[in-house]
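Student: Structure file start.csv (CSV, C-alpha atoms and all ligand atoms) right here:
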```
chain,number,residue,atom,x,y,z
A,1,MET,CA,41.1,-80.0,-20.4
A,2,LYS,CA,43.5,-77.9,-18.4
A,3,SER,CA,44.3,-75.5,-21.2
A,4,GLU,CA,44.3,-71.8,-20.5
A,5,GLY,CA,41.0,-71.5,-22.5
A,6,PHE,CA,39.2,-73.0,-19.5
A,7,ARG,CA,39.2,-69.8,-17.5
A,8,GLN,CA,39.5,-67.2,-20.1
A,9,PRO,CA,37.5,-65.9,-21.6
A,10,PHE,CA,35.2,-66.3,-18.6
A,11,ILE,CA,32.4,-68.0,-20.5
A,12,ALA,CA,34.6,-70.5,-22.0
A,13,GLN,CA,33.3,-73.5,-23.9
A,14,GLY,CA,35.3,-75.5,-21.5
A,15,LEU,CA,32.7,-74.9,-18.8
A,16,TYR,CA,30.1,-76.8,-20.8
A,17,MET,CA,32.6,-79.5,-21.1
A,18,THR,CA,32.8,-79.8,-17.3
A,19,SER,CA,29.2,-79.2,-16.3
A,20,PRO,CA,27.2,-77.8,-19.1
A,21,ASP,CA,23.9,-77.7,-17.2
A,22,LEU,CA,25.0,-75.9,-14.2
A,23,ALA,CA,27.1,-73.5,-16.2
A,24,GLN,CA,24.1,-72.8,-18.4
A,25,THR,CA,21.9,-72.2,-15.4
A,26,ILE,CA,24.4,-69.7,-14.0
A,27,GLN,CA,24.4,-67.9,-17.4
A,28,GLU,CA,20.6,-67.8,-17.4
A,29,VAL,CA,20.4,-66.6,-13.9
A,30,ARG,CA,22.9,-63.9,-14.7
A,31,ASP,CA,21.1,-62.7,-17.8
A,32,LYS,CA,17.7,-62.8,-16.2
A,33,ALA,CA,18.9,-61.0,-13.1
A,34,LEU,CA,20.7,-58.2,-15.1
A,35,GLU,CA,17.7,-57.8,-17.4
A,36,GLU,CA,15.3,-57.4,-14.5
A,37,LEU,CA,17.5,-55.1,-12.7
A,38,GLN,CA,17.3,-52.6,-15.6
A,39,GLY,CA,13.7,-51.8,-14.9
A,40,LEU,CA,13.9,-51.3,-11.2
A,41,ALA,CA,13.5,-47.7,-9.9
A,42,SER,CA,12.9,-47.9,-6.2
A,43,GLU,CA,14.8,-49.1,-3.1
A,44,GLU,CA,12.0,-51.6,-2.3
A,45,GLU,CA,12.2,-53.1,-5.7
A,46,LEU,CA,15.9,-53.5,-5.5
A,47,GLU,CA,15.7,-55.2,-2.1
A,48,SER,CA,13.2,-57.7,-3.5
A,49,TRP,CA,15.5,-58.3,-6.4
A,50,ARG,CA,18.4,-58.9,-4.0
A,51,ILE,CA,16.4,-61.4,-2.0
A,52,LEU,CA,15.4,-63.2,-5.2
A,53,TYR,CA,18.9,-63.7,-6.6
A,54,LEU,CA,21.4,-63.1,-3.8
A,55,GLY,CA,19.4,-63.9,-0.7
A,56,ARG,CA,20.0,-67.0,1.4
A,57,ARG,CA,17.5,-68.9,-0.7
A,58,GLY,CA,18.1,-66.8,-3.8
A,59,ARG,CA,18.5,-68.3,-7.2
A,60,LEU,CA,22.3,-67.9,-7.4
A,61,THR,CA,22.7,-69.0,-3.9
A,62,SER,CA,21.0,-72.3,-4.7
A,63,VAL,CA,23.3,-72.8,-7.7
A,64,LEU,CA,26.3,-72.2,-5.4
A,65,ARG,CA,24.9,-74.8,-3.0
A,66,SER,CA,24.6,-77.4,-5.6
A,67,LEU,CA,28.3,-77.1,-6.5
A,68,GLY,CA,28.9,-79.8,-3.9
A,69,SER,CA,27.6,-82.5,-6.2
A,70,LEU,CA,30.4,-81.7,-8.7
A,71,SER,CA,33.8,-83.2,-9.0
A,72,GLN,CA,36.6,-81.2,-7.5
A,73,GLU,CA,37.8,-80.0,-10.9
A,74,GLU,CA,34.3,-79.1,-12.0
A,75,ARG,CA,33.6,-77.4,-8.8
A,76,ARG,CA,36.7,-75.2,-9.1
A,77,VAL,CA,35.7,-74.1,-12.6
A,78,VAL,CA,32.0,-73.7,-12.1
A,79,GLY,CA,32.6,-72.3,-8.6
A,80,ALA,CA,34.8,-69.6,-10.0
A,81,GLN,CA,32.2,-68.8,-12.6
A,82,ALA,CA,29.5,-68.6,-10.1
A,83,ASN,CA,31.5,-66.4,-7.8
A,84,GLN,CA,32.2,-64.1,-10.6
A,85,VAL,CA,28.5,-63.8,-11.4
A,86,LYS,CA,27.8,-63.2,-7.8
A,87,ALA,CA,30.3,-60.4,-7.7
A,88,LEU,CA,28.9,-59.0,-10.9
A,89,LEU,CA,25.3,-59.1,-9.5
A,90,GLU,CA,26.4,-57.5,-6.3
A,91,GLU,CA,28.2,-54.8,-8.1
A,92,SER,CA,25.3,-54.1,-10.4
A,93,LEU,CA,23.0,-53.9,-7.5
A,94,ALA,CA,25.2,-51.4,-5.7
A,95,GLN,CA,25.3,-49.4,-8.8
A,96,ALA,CA,21.6,-49.5,-9.3
A,97,GLU,CA,21.1,-48.5,-5.6
A,98,GLY,CA,23.4,-45.6,-6.1
A,99,GLN,CA,21.4,-44.4,-9.1
A,100,VAL,CA,18.1,-44.7,-7.3
A,101,LYS,CA,19.4,-42.8,-4.4
A,102,GLU,CA,20.8,-40.1,-6.6
A,103,SER,CA,17.7,-39.6,-8.6
A,104,ARG,CA,15.6,-39.4,-5.4
A,105,ILE,CA,17.9,-36.6,-4.1
A,106,ALA,CA,17.8,-34.9,-7.4
A,107,GLY,CA,13.9,-35.1,-7.3
A,108,LEU,CA,13.9,-33.6,-3.8
A,109,ALA,CA,16.2,-30.8,-4.8
A,110,GLN,CA,14.1,-30.0,-7.7
A,111,GLU,CA,11.0,-29.8,-5.6
A,112,GLU,CA,12.5,-27.7,-2.9
A,113,GLN,CA,14.8,-25.7,-5.1
A,114,ILE,CA,15.8,-22.3,-3.9
A,115,ASP,CA,17.2,-20.0,-6.4
A,116,VAL,CA,19.2,-17.6,-4.4
A,117,THR,CA,19.7,-15.2,-7.3
A,118,ARG,CA,16.0,-14.5,-7.7
A,119,PRO,CA,14.9,-11.0,-6.5
A,120,GLY,CA,13.2,-11.2,-3.1
A,121,ARG,CA,9.5,-10.8,-2.5
A,122,SER,CA,8.7,-7.2,-1.5
A,123,VAL,CA,7.2,-6.8,1.9
A,124,ALA,CA,3.9,-5.0,2.0
A,125,LEU,CA,4.5,-1.9,4.1
A,126,GLY,CA,1.7,-0.4,6.2
A,127,ARG,CA,1.2,3.3,6.5
A,128,PHE,CA,-0.8,5.7,8.6
A,129,HIS,CA,-4.4,6.5,7.6
A,130,PRO,CA,-4.5,10.0,6.0
A,131,LEU,CA,-6.5,11.3,9.0
A,132,THR,CA,-3.9,10.0,11.4
A,133,GLN,CA,-1.2,11.7,9.3
A,134,ILE,CA,-3.1,15.1,9.3
A,135,LEU,CA,-3.9,14.8,13.0
A,136,ARG,CA,-0.3,14.3,13.8
A,137,GLU,CA,0.7,17.2,11.6
A,138,ILE,CA,-1.9,19.5,13.3
A,139,CYS,CA,-0.8,18.4,16.8
A,140,ASP,CA,2.8,18.8,16.0
A,141,ALA,CA,2.2,22.4,14.9
A,142,PHE,CA,0.6,23.2,18.3
A,143,VAL,CA,3.0,21.2,20.3
A,144,ALA,CA,5.8,23.2,18.8
A,145,MET,CA,4.0,26.3,20.2
A,146,GLY,CA,3.9,24.9,23.7
A,147,PHE,CA,0.6,23.2,23.7
A,148,GLN,CA,0.1,19.9,25.5
A,149,ILE,CA,-2.1,17.0,24.0
A,150,VAL,CA,-5.0,15.7,26.1
A,151,GLU,CA,-7.8,13.3,25.3
A,152,GLY,CA,-11.2,12.8,26.7
A,153,PRO,CA,-14.3,10.5,26.7
A,154,GLU,CA,-16.4,10.1,23.6
A,155,VAL,CA,-19.4,9.2,25.7
A,156,GLU,CA,-20.1,12.4,27.7
A,157,TRP,CA,-22.5,14.0,30.1
A,158,ASP,CA,-24.8,16.8,29.1
A,159,HIS,CA,-23.1,18.8,31.8
A,160,TYR,CA,-19.7,18.9,30.0
A,161,ASN,CA,-20.9,18.8,26.4
A,162,PHE,CA,-23.4,21.7,26.9
A,163,GLU,CA,-24.0,23.2,30.3
A,164,LEU,CA,-20.5,24.1,31.3
A,165,LEU,CA,-20.1,25.5,27.8
A,166,ASN,CA,-22.8,28.1,28.4
A,167,ILE,CA,-25.5,26.1,26.6
A,168,PRO,CA,-28.3,25.6,29.0
A,169,ARG,CA,-30.9,22.8,28.6
A,170,ASP,CA,-33.6,25.0,27.2
A,171,HIS,CA,-31.4,27.1,25.0
A,172,PRO,CA,-32.0,27.2,21.3
A,173,ALA,CA,-28.2,27.2,20.7
A,174,ARG,CA,-28.4,23.5,21.3
A,175,ASP,CA,-29.8,23.2,17.8
A,176,MET,CA,-26.3,23.8,16.5
A,177,TRP,CA,-25.5,20.3,17.5
A,178,ASN,CA,-27.7,17.4,16.4
A,179,THR,CA,-27.1,15.1,19.3
A,180,LEU,CA,-27.0,11.3,19.6
A,181,TRP,CA,-28.4,10.7,23.1
A,182,ILE,CA,-27.6,7.6,25.2
A,183,ASP,CA,-30.5,6.0,27.0
A,184,TYR,CA,-28.8,6.3,30.4
A,185,ARG,CA,-28.7,8.9,33.2
A,186,ASP,CA,-26.6,9.5,36.3
A,187,GLU,CA,-27.7,8.1,39.7
A,188,LYS,CA,-29.9,11.1,40.5
A,189,GLY,CA,-31.6,10.6,37.1
A,190,GLU,CA,-30.8,14.2,36.2
A,191,GLN,CA,-27.8,13.9,33.8
A,192,PRO,CA,-28.5,12.8,30.3
A,193,MET,CA,-25.7,11.0,28.6
A,194,LEU,CA,-24.7,11.5,25.0
A,195,LEU,CA,-22.0,11.0,22.4
A,196,ARG,CA,-20.0,14.2,22.5
A,197,THR,CA,-20.9,16.4,19.6
A,198,HIS,CA,-17.6,18.2,19.7
A,199,THR,CA,-14.3,18.2,21.6
A,200,SER,CA,-15.2,21.4,23.5
A,201,PRO,CA,-16.3,19.5,26.7
A,202,MET,CA,-12.6,18.9,27.3
A,203,GLN,CA,-12.2,22.6,27.9
A,204,ALA,CA,-14.1,22.3,31.2
A,205,ARG,CA,-12.7,18.9,32.1
A,206,THR,CA,-9.1,20.2,31.6
A,207,MET,CA,-9.7,23.4,33.6
A,208,GLU,CA,-11.3,21.5,36.4
A,209,ARG,CA,-8.1,19.6,36.8
A,210,MET,CA,-5.5,22.2,36.0
A,211,LYS,CA,-4.5,25.6,37.4
A,212,PRO,CA,-3.5,28.3,34.8
A,213,PRO,CA,-1.5,28.5,32.7
A,214,VAL,CA,-3.4,26.1,30.5
A,215,ARG,CA,-2.4,25.3,27.0
A,216,VAL,CA,-3.9,22.2,25.6
A,217,ILE,CA,-5.1,20.7,22.3
A,218,VAL,CA,-7.6,17.9,22.2
A,219,PRO,CA,-7.7,15.6,19.2
A,220,GLY,CA,-10.7,13.2,19.2
A,221,LYS,CA,-13.7,11.6,17.7
A,222,CYS,CA,-17.1,13.3,17.8
A,223,TYR,CA,-20.6,12.2,16.8
A,224,ARG,CA,-23.7,13.9,15.4
A,225,TYR,CA,-27.2,12.9,14.3
A,226,GLU,CA,-26.6,13.9,10.7
A,227,ALA,CA,-27.4,12.6,7.2
A,228,THR,CA,-24.2,12.0,5.4
A,229,ASP,CA,-23.1,13.6,2.2
A,230,ALA,CA,-19.9,14.7,0.6
A,231,THR,CA,-19.1,17.2,3.3
A,232,HIS,CA,-20.9,15.6,6.3
A,233,GLU,CA,-20.3,12.5,8.4
A,234,TRP,CA,-22.2,11.4,11.5
A,235,HIS,CA,-18.8,10.6,13.1
A,236,PHE,CA,-15.7,12.7,12.6
A,237,TYR,CA,-12.6,14.2,14.3
A,238,GLN,CA,-12.1,17.5,15.9
A,239,VAL,CA,-9.1,19.2,17.4
A,240,GLU,CA,-10.0,21.5,20.2
A,241,GLY,CA,-7.5,24.1,21.5
A,242,LEU,CA,-7.5,26.1,24.8
A,243,ALA,CA,-5.1,28.6,26.3
A,244,VAL,CA,-5.9,30.3,29.6
A,245,ASP,CA,-3.7,32.5,31.7
A,246,ASP,CA,-3.7,36.0,33.1
A,247,GLY,CA,-3.2,38.5,30.3
A,248,ILE,CA,-4.1,36.4,27.3
A,249,THR,CA,-5.6,38.6,24.6
A,250,PHE,CA,-7.2,38.4,21.2
A,251,ALA,CA,-3.8,39.1,19.7
A,252,ASP,CA,-2.5,35.8,21.2
A,253,LEU,CA,-5.4,34.0,19.5
A,254,LYS,CA,-4.6,35.6,16.2
A,255,GLY,CA,-0.9,35.1,16.4
A,256,THR,CA,-1.2,31.4,17.4
A,257,LEU,CA,-3.8,30.5,14.7
A,258,TYR,CA,-2.0,32.5,12.0
A,259,GLU,CA,1.2,30.5,12.8
A,260,PHE,CA,-0.8,27.3,12.7
A,261,ALA,CA,-2.2,28.2,9.2
A,262,ARG,CA,1.2,28.9,7.9
A,263,ARG,CA,2.6,25.6,9.2
A,264,ILE,CA,-0.1,23.5,7.6
A,265,PHE,CA,-0.9,25.4,4.4
A,266,GLY,CA,2.4,27.2,3.6
A,267,ALA,CA,4.4,30.1,5.0
A,268,ASP,CA,2.9,32.6,2.5
A,269,ARG,CA,-0.7,32.1,3.8
A,270,ARG,CA,-2.8,35.0,4.9
A,271,VAL,CA,-5.6,34.7,7.3
A,272,ARG,CA,-9.0,36.5,7.8
A,273,PHE,CA,-11.0,36.7,11.0
A,274,ARG,CA,-14.8,37.3,10.9
A,275,CYS,CA,-17.3,37.5,13.7
A,276,ASP,CA,-19.2,34.3,14.4
A,277,TYR,CA,-21.3,32.9,17.2
A,278,PHE,CA,-20.5,30.1,19.6
A,279,PRO,CA,-22.0,30.2,23.0
A,280,PHE,CA,-18.8,29.4,24.9
A,281,VAL,CA,-16.7,32.3,23.4
A,282,GLU,CA,-17.1,36.1,23.4
A,283,PRO,CA,-16.2,37.5,21.0
A,284,GLY,CA,-16.5,34.5,18.6
A,285,VAL,CA,-14.8,34.3,15.2
A,286,ASP,CA,-14.2,32.1,12.3
A,287,MET,CA,-10.9,32.0,10.6
A,288,SER,CA,-10.3,31.7,6.9
A,289,ILE,CA,-7.1,31.3,4.9
A,290,ASP,CA,-6.5,32.8,1.5
A,291,CYS,CA,-7.1,30.2,-1.1
A,292,PHE,CA,-3.8,28.3,-1.7
A,293,ALA,CA,-5.1,27.0,-5.0
A,294,CYS,CA,-5.8,30.3,-6.8
A,295,LYS,CA,-3.9,32.6,-4.5
A,296,GLY,CA,-7.0,34.5,-3.7
A,297,GLN,CA,-8.2,35.0,-7.3
A,298,GLY,CA,-11.3,32.8,-6.8
A,299,CYS,CA,-11.7,29.3,-7.9
A,300,ARG,CA,-13.8,26.1,-7.4
A,301,ILE,CA,-12.0,25.2,-4.1
A,302,CYS,CA,-12.7,28.6,-2.5
A,303,GLN,CA,-16.1,28.8,-4.2
A,304,GLU,CA,-15.0,31.9,-6.1
A,305,THR,CA,-14.4,33.9,-2.8
A,306,GLY,CA,-10.7,33.7,-2.6
A,307,TRP,CA,-11.1,32.6,1.1
A,308,ILE,CA,-11.5,29.2,2.8
A,309,GLU,CA,-13.0,28.9,6.2
A,310,ILE,CA,-10.9,26.5,8.4
A,311,LEU,CA,-11.9,26.9,12.0
A,312,GLY,CA,-14.0,28.5,14.7
A,313,ALA,CA,-12.5,30.3,17.7
A,314,GLY,CA,-12.9,33.0,20.2
A,315,MET,CA,-12.1,34.4,23.7
A,316,VAL,CA,-13.3,32.0,26.4
A,317,HIS,CA,-16.6,33.2,27.7
A,318,PRO,CA,-16.5,34.4,31.4
A,319,LYS,CA,-19.3,32.0,32.2
A,320,VAL,CA,-17.2,29.1,31.1
A,321,LEU,CA,-14.3,30.3,33.3
A,322,GLU,CA,-16.7,30.8,36.3
A,323,GLY,CA,-18.2,27.3,35.7
A,324,VAL,CA,-14.9,25.7,36.4
A,325,GLY,CA,-13.9,28.0,39.3
A,326,TYR,CA,-11.6,30.3,37.5
A,327,ASP,CA,-11.9,34.0,38.3
A,328,PRO,CA,-12.7,35.8,35.0
A,329,SER,CA,-11.4,39.1,36.3
A,330,VAL,CA,-7.9,37.5,36.6
A,331,TYR,CA,-7.8,34.9,33.8
A,332,THR,CA,-8.6,35.2,30.2
A,333,GLY,CA,-8.1,32.8,27.4
A,334,PHE,CA,-8.9,31.8,23.8
A,335,ALA,CA,-10.3,28.6,22.4
A,336,PHE,CA,-10.6,27.1,19.0
A,337,GLY,CA,-12.0,24.1,17.2
A,338,LEU,CA,-11.2,22.7,13.8
A,339,GLY,CA,-12.1,19.7,11.7
A,340,PRO,CA,-9.1,17.6,10.5
A,341,GLU,CA,-11.1,16.0,7.8
A,342,ARG,CA,-11.8,19.4,6.3
A,343,ILE,CA,-8.1,20.3,6.6
A,344,ALA,CA,-7.1,17.1,4.9
A,345,MET,CA,-9.7,17.5,2.2
A,346,LEU,CA,-8.4,21.0,1.4
A,347,LYS,CA,-4.8,20.1,1.6
A,348,TYR,CA,-5.0,17.0,-0.5
A,349,GLY,CA,-7.9,17.9,-2.8
A,350,ILE,CA,-10.2,15.1,-1.4
A,351,GLU,CA,-13.8,15.7,-2.6
A,352,ASP,CA,-15.8,13.4,-0.4
A,353,ILE,CA,-15.5,13.2,3.4
A,354,ARG,CA,-16.9,9.6,3.3
A,355,LEU,CA,-13.7,8.4,1.6
A,356,PHE,CA,-11.9,8.6,5.0
A,357,TYR,CA,-14.2,6.0,6.5
A,358,SER,CA,-14.9,3.6,3.6
A,359,ASN,CA,-11.7,1.5,3.8
A,360,ASP,CA,-11.1,1.7,0.0
A,361,LEU,CA,-7.4,0.8,-0.5
A,362,ARG,CA,-7.3,2.6,-3.8
A,363,PHE,CA,-8.0,5.8,-1.9
A,364,LEU,CA,-5.8,5.0,1.2
A,365,ARG,CA,-2.8,3.9,-0.9
A,366,GLN,CA,-2.5,7.5,-2.2
A,367,PHE,CA,-1.2,8.8,1.1
A,401,LIG,N1,-17.1,23.2,19.2
A,401,LIG,C1,-17.4,23.9,18.0
A,401,LIG,C2,-18.2,23.1,17.0
A,401,LIG,O1,-18.2,21.9,17.1
A,401,LIG,C3,-16.2,24.4,17.3
A,401,LIG,C4,-15.5,25.5,18.1
A,401,LIG,C5,-15.8,26.9,17.8
A,401,LIG,C6,-14.7,25.3,19.2
A,401,LIG,C7,-15.2,27.9,18.5
A,401,LIG,C8,-14.1,26.3,19.9
A,401,LIG,C9,-14.4,27.6,19.6
A,401,LIG,O2,-13.4,26.1,21.0
A,401,LIG,O3,-13.9,28.6,20.3
A,401,LIG,O4,-18.8,23.6,16.1
```
Please render this file's structure as structure tokens.

Tutor:
Amino acid sequence: MKSEGFRQPFIAQGLYMTSPDLAQTIQEVRDKALEELQGLASEEELESWRILYLGRRGRLTSVLRSLGSLSQEERRVVGAQANQVKALLEESLAQAEGQVKESRIAGLAQEEQIDVTRPGRSVALGRFHPLTQILREICDAFVAMGFQIVEGPEVEWDHYNFELLNIPRDHPARDMWNTLWIDYRDEKGEQPMLLRTHTSPMQARTMERMKPPVRVIVPGKCYRYEATDATHEWHFYQVEGLAVDDGITFADLKGTLYEFARRIFGADRRVRFRCDYFPFVEPGVDMSIDCFACKGQGCRICQETGWIEILGAGMVHPKVLEGVGYDPSVYTGFAFGLGPERIAMLKYGIEDIRLFYSNDLRFLRQF
């Protein structure tokens, strides 16, 4: 009975000899427990398993309790067996818990995995609208020649848009500007309001506020009651220019606008001035540049003429100077007005003015 064989190997036949039923039960509990443990995958399941076998009322615990009914010798042997099984189950549980935890972390890592070697996502960069770009370029050219940038209201009085520009109410010259009128008048009920048809009203507004020398450019939005087509929009930009001082001559006008043309369209540009009519200048001109596409040979862009008209200009009319309280016998000046859409269309070969305002990214991304 007391041979070495009793304790080793662990499941010795000797056990059956001392208390076959209890030893058998311990074996069964052990096998069942280990088998069940195999299939468990969550922490909750493992906890239920622990309670079932190792808890205070667990199956193995009950076996341990019943040891008291055995003889001392049997208790020693079966007790040792039971304690070994208990240790085995605890160890197996710890192992299973470790595995469950590990695979949970692995799962998380997989879900939230960051591969630091992957190339980054490129940030979508914004850019300026082509018109903003050309407006800046035009303004820069004049600022470099000493002009100052001013801006004015897009909703304007008849007084500034027409009257102070030597275009009286009943004058047929008004037909040059198809006007969008606003249903509103000043307090006296005399002044019609409108959407400015050009940036020229800022000539008078500027001179009213400044003493000569005046050198300003006015970029801004204008509106006209027009049907749209490839070269007409009912809203568009203009850049107005005005220089007034004593002793300003037509040579200053020519020199300034020639320099502007070279800065925007290339240093080898040539310019041509021809007579034109605008009520607020005398003499009035239009300026053309030689066609940069065909170098003056004649092509589609210059409509076979070799020249491209880019702006209107002239010497400020004495009536305009008088209107703002400048003495025309002391001060002279020149003014000009140009359309940045047209400049951009020429410069970039854009064929339809409406593209500037249609928000088509395929168009906008080209600039
Ligand atoms: N305001 C004119 C227009 O809208 C353009 C213009 C022509 C402006 C001659 C000027 C100028 O200052 O001198 O058609």

Student: If you count all atoms listed in the file, which residues fall within 7 Å of segment 267-275 of chain A, apart from same-chain ones fewer than 6 positions away, as a list in words?

Tutor: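 Selected residues are Tyr258, Ala261, Gly284, Val285, Asp286, Met287, Ser288, Ile289 and Asp290 of chain A.
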
Student: Return the single residue from A:Pro213, A:Pro172, A:Pro153, A:Pro219 that is closest to Pro340 of chain A, with distances computed using only C-alpha atoms.

Tutor: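 Going through A:Pro213, A:Pro172, A:Pro153, A:Pro219 one by one, the smallest distance to Pro340 of chain A is for A:Pro219.
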
Student: For each of A:Pro279, A:Lys319, A:Gly296, A:Glu36, take the minimum atom-to-atom distance to Ala173 of chain A, counting all atoms listed in the file, then give the residue where this is smallest.

Tutor: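 Nearest candidate to Ala173 of chain A out of A:Pro279, A:Lys319, A:Gly296, A:Glu36: A:Pro279.
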
Student: What residues have any atom no more than 9 Å from ligand LIG 401 (chain A) when counting all atoms listed in the file, and can you list them as a PDB file with C-alpha atoms, in the coordinates of the input?

Tutor:
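Result went into result-v5.pdb, see below:
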```
ATOM      1  CA  MET A 176     -26.300  23.800  16.500  1.00  0.00           C
ATOM      2  CA  TRP A 177     -25.500  20.300  17.500  1.00  0.00           C
ATOM      3  CA  THR A 197     -20.900  16.400  19.600  1.00  0.00           C
ATOM      4  CA  HIS A 198     -17.600  18.200  19.700  1.00  0.00           C
ATOM      5  CA  THR A 199     -14.300  18.200  21.600  1.00  0.00           C
ATOM      6  CA  SER A 200     -15.200  21.400  23.500  1.00  0.00           C
ATOM      7  CA  PRO A 201     -16.300  19.500  26.700  1.00  0.00           C
ATOM      8  CA  GLN A 203     -12.200  22.600  27.900  1.00  0.00           C
ATOM      9  CA  CYS A 222     -17.100  13.300  17.800  1.00  0.00           C
ATOM     10  CA  GLN A 238     -12.100  17.500  15.900  1.00  0.00           C
ATOM     11  CA  VAL A 239      -9.100  19.200  17.400  1.00  0.00           C
ATOM     12  CA  GLU A 240     -10.000  21.500  20.200  1.00  0.00           C
ATOM     13  CA  GLY A 241      -7.500  24.100  21.500  1.00  0.00           C
ATOM     14  CA  LEU A 242      -7.500  26.100  24.800  1.00  0.00           C
ATOM     15  CA  ASP A 276     -19.200  34.300  14.400  1.00  0.00           C
ATOM     16  CA  TYR A 277     -21.300  32.900  17.200  1.00  0.00           C
ATOM     17  CA  PHE A 278     -20.500  30.100  19.600  1.00  0.00           C
ATOM     18  CA  PRO A 279     -22.000  30.200  23.000  1.00  0.00           C
ATOM     19  CA  PHE A 280     -18.800  29.400  24.900  1.00  0.00           C
ATOM     20  CA  VAL A 281     -16.700  32.300  23.400  1.00  0.00           C
ATOM     21  CA  GLU A 282     -17.100  36.100  23.400  1.00  0.00           C
ATOM     22  CA  GLY A 284     -16.500  34.500  18.600  1.00  0.00           C
ATOM     23  CA  VAL A 285     -14.800  34.300  15.200  1.00  0.00           C
ATOM     24  CA  ASP A 286     -14.200  32.100  12.300  1.00  0.00           C
ATOM     25  CA  LEU A 311     -11.900  26.900  12.000  1.00  0.00           C
ATOM     26  CA  GLY A 312     -14.000  28.500  14.700  1.00  0.00           C
ATOM     27  CA  ALA A 313     -12.500  30.300  17.700  1.00  0.00           C
ATOM     28  CA  GLY A 314     -12.900  33.000  20.200  1.00  0.00           C
ATOM     29  CA  MET A 315     -12.100  34.400  23.700  1.00  0.00           C
ATOM     30  CA  VAL A 316     -13.300  32.000  26.400  1.00  0.00           C
ATOM     31  CA  PHE A 334      -8.900  31.800  23.800  1.00  0.00           C
ATOM     32  CA  ALA A 335     -10.300  28.600  22.400  1.00  0.00           C
ATOM     33  CA  PHE A 336     -10.600  27.100  19.000  1.00  0.00           C
ATOM     34  CA  GLY A 337     -12.000  24.100  17.200  1.00  0.00           C
ATOM     35  CA  LEU A 338     -11.200  22.700  13.800  1.00  0.00           C
ATOM     36  CA  GLY A 339     -12.100  19.700  11.700  1.00  0.00           C
TER      37      GLY A 339
END
```

Student: Can you pull out the residues contacting segment 53-65 of chain A? Cut-off 9 Å, using only C-alpha atoms, and skip same-chain residues under 4 positions away; I want them as a count of residues only.

Tutor: 17

Student: Please determine, counting all atoms listed in the file, which residue among A:Arg76, A:Arg136, A:Lys211, A:His129 has the shortest atom-to-atom distance to Leu364 of chain A.

Tutor: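 Ranked by minimum distance to Leu364 of chain A, first place goes to A:His129.
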
Student: Between atom CA of Lys221 of chain A and atom CA of Glu156 of chain A, what is the distance, to one decimal in Å?

Tutor: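 Atom-to-atom, atom CA of Lys221 of chain A to atom CA of Glu156 of chain A, that is 11.9 Å.
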
Student: Between A:Ala96, A:Ala227, A:Ile308, A:Met145, which is the closest to Ala41 of chain A once you count all atoms listed in the file?

Tutor: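 Closest to Ala41 of chain A of all the choices is A:Ala96.
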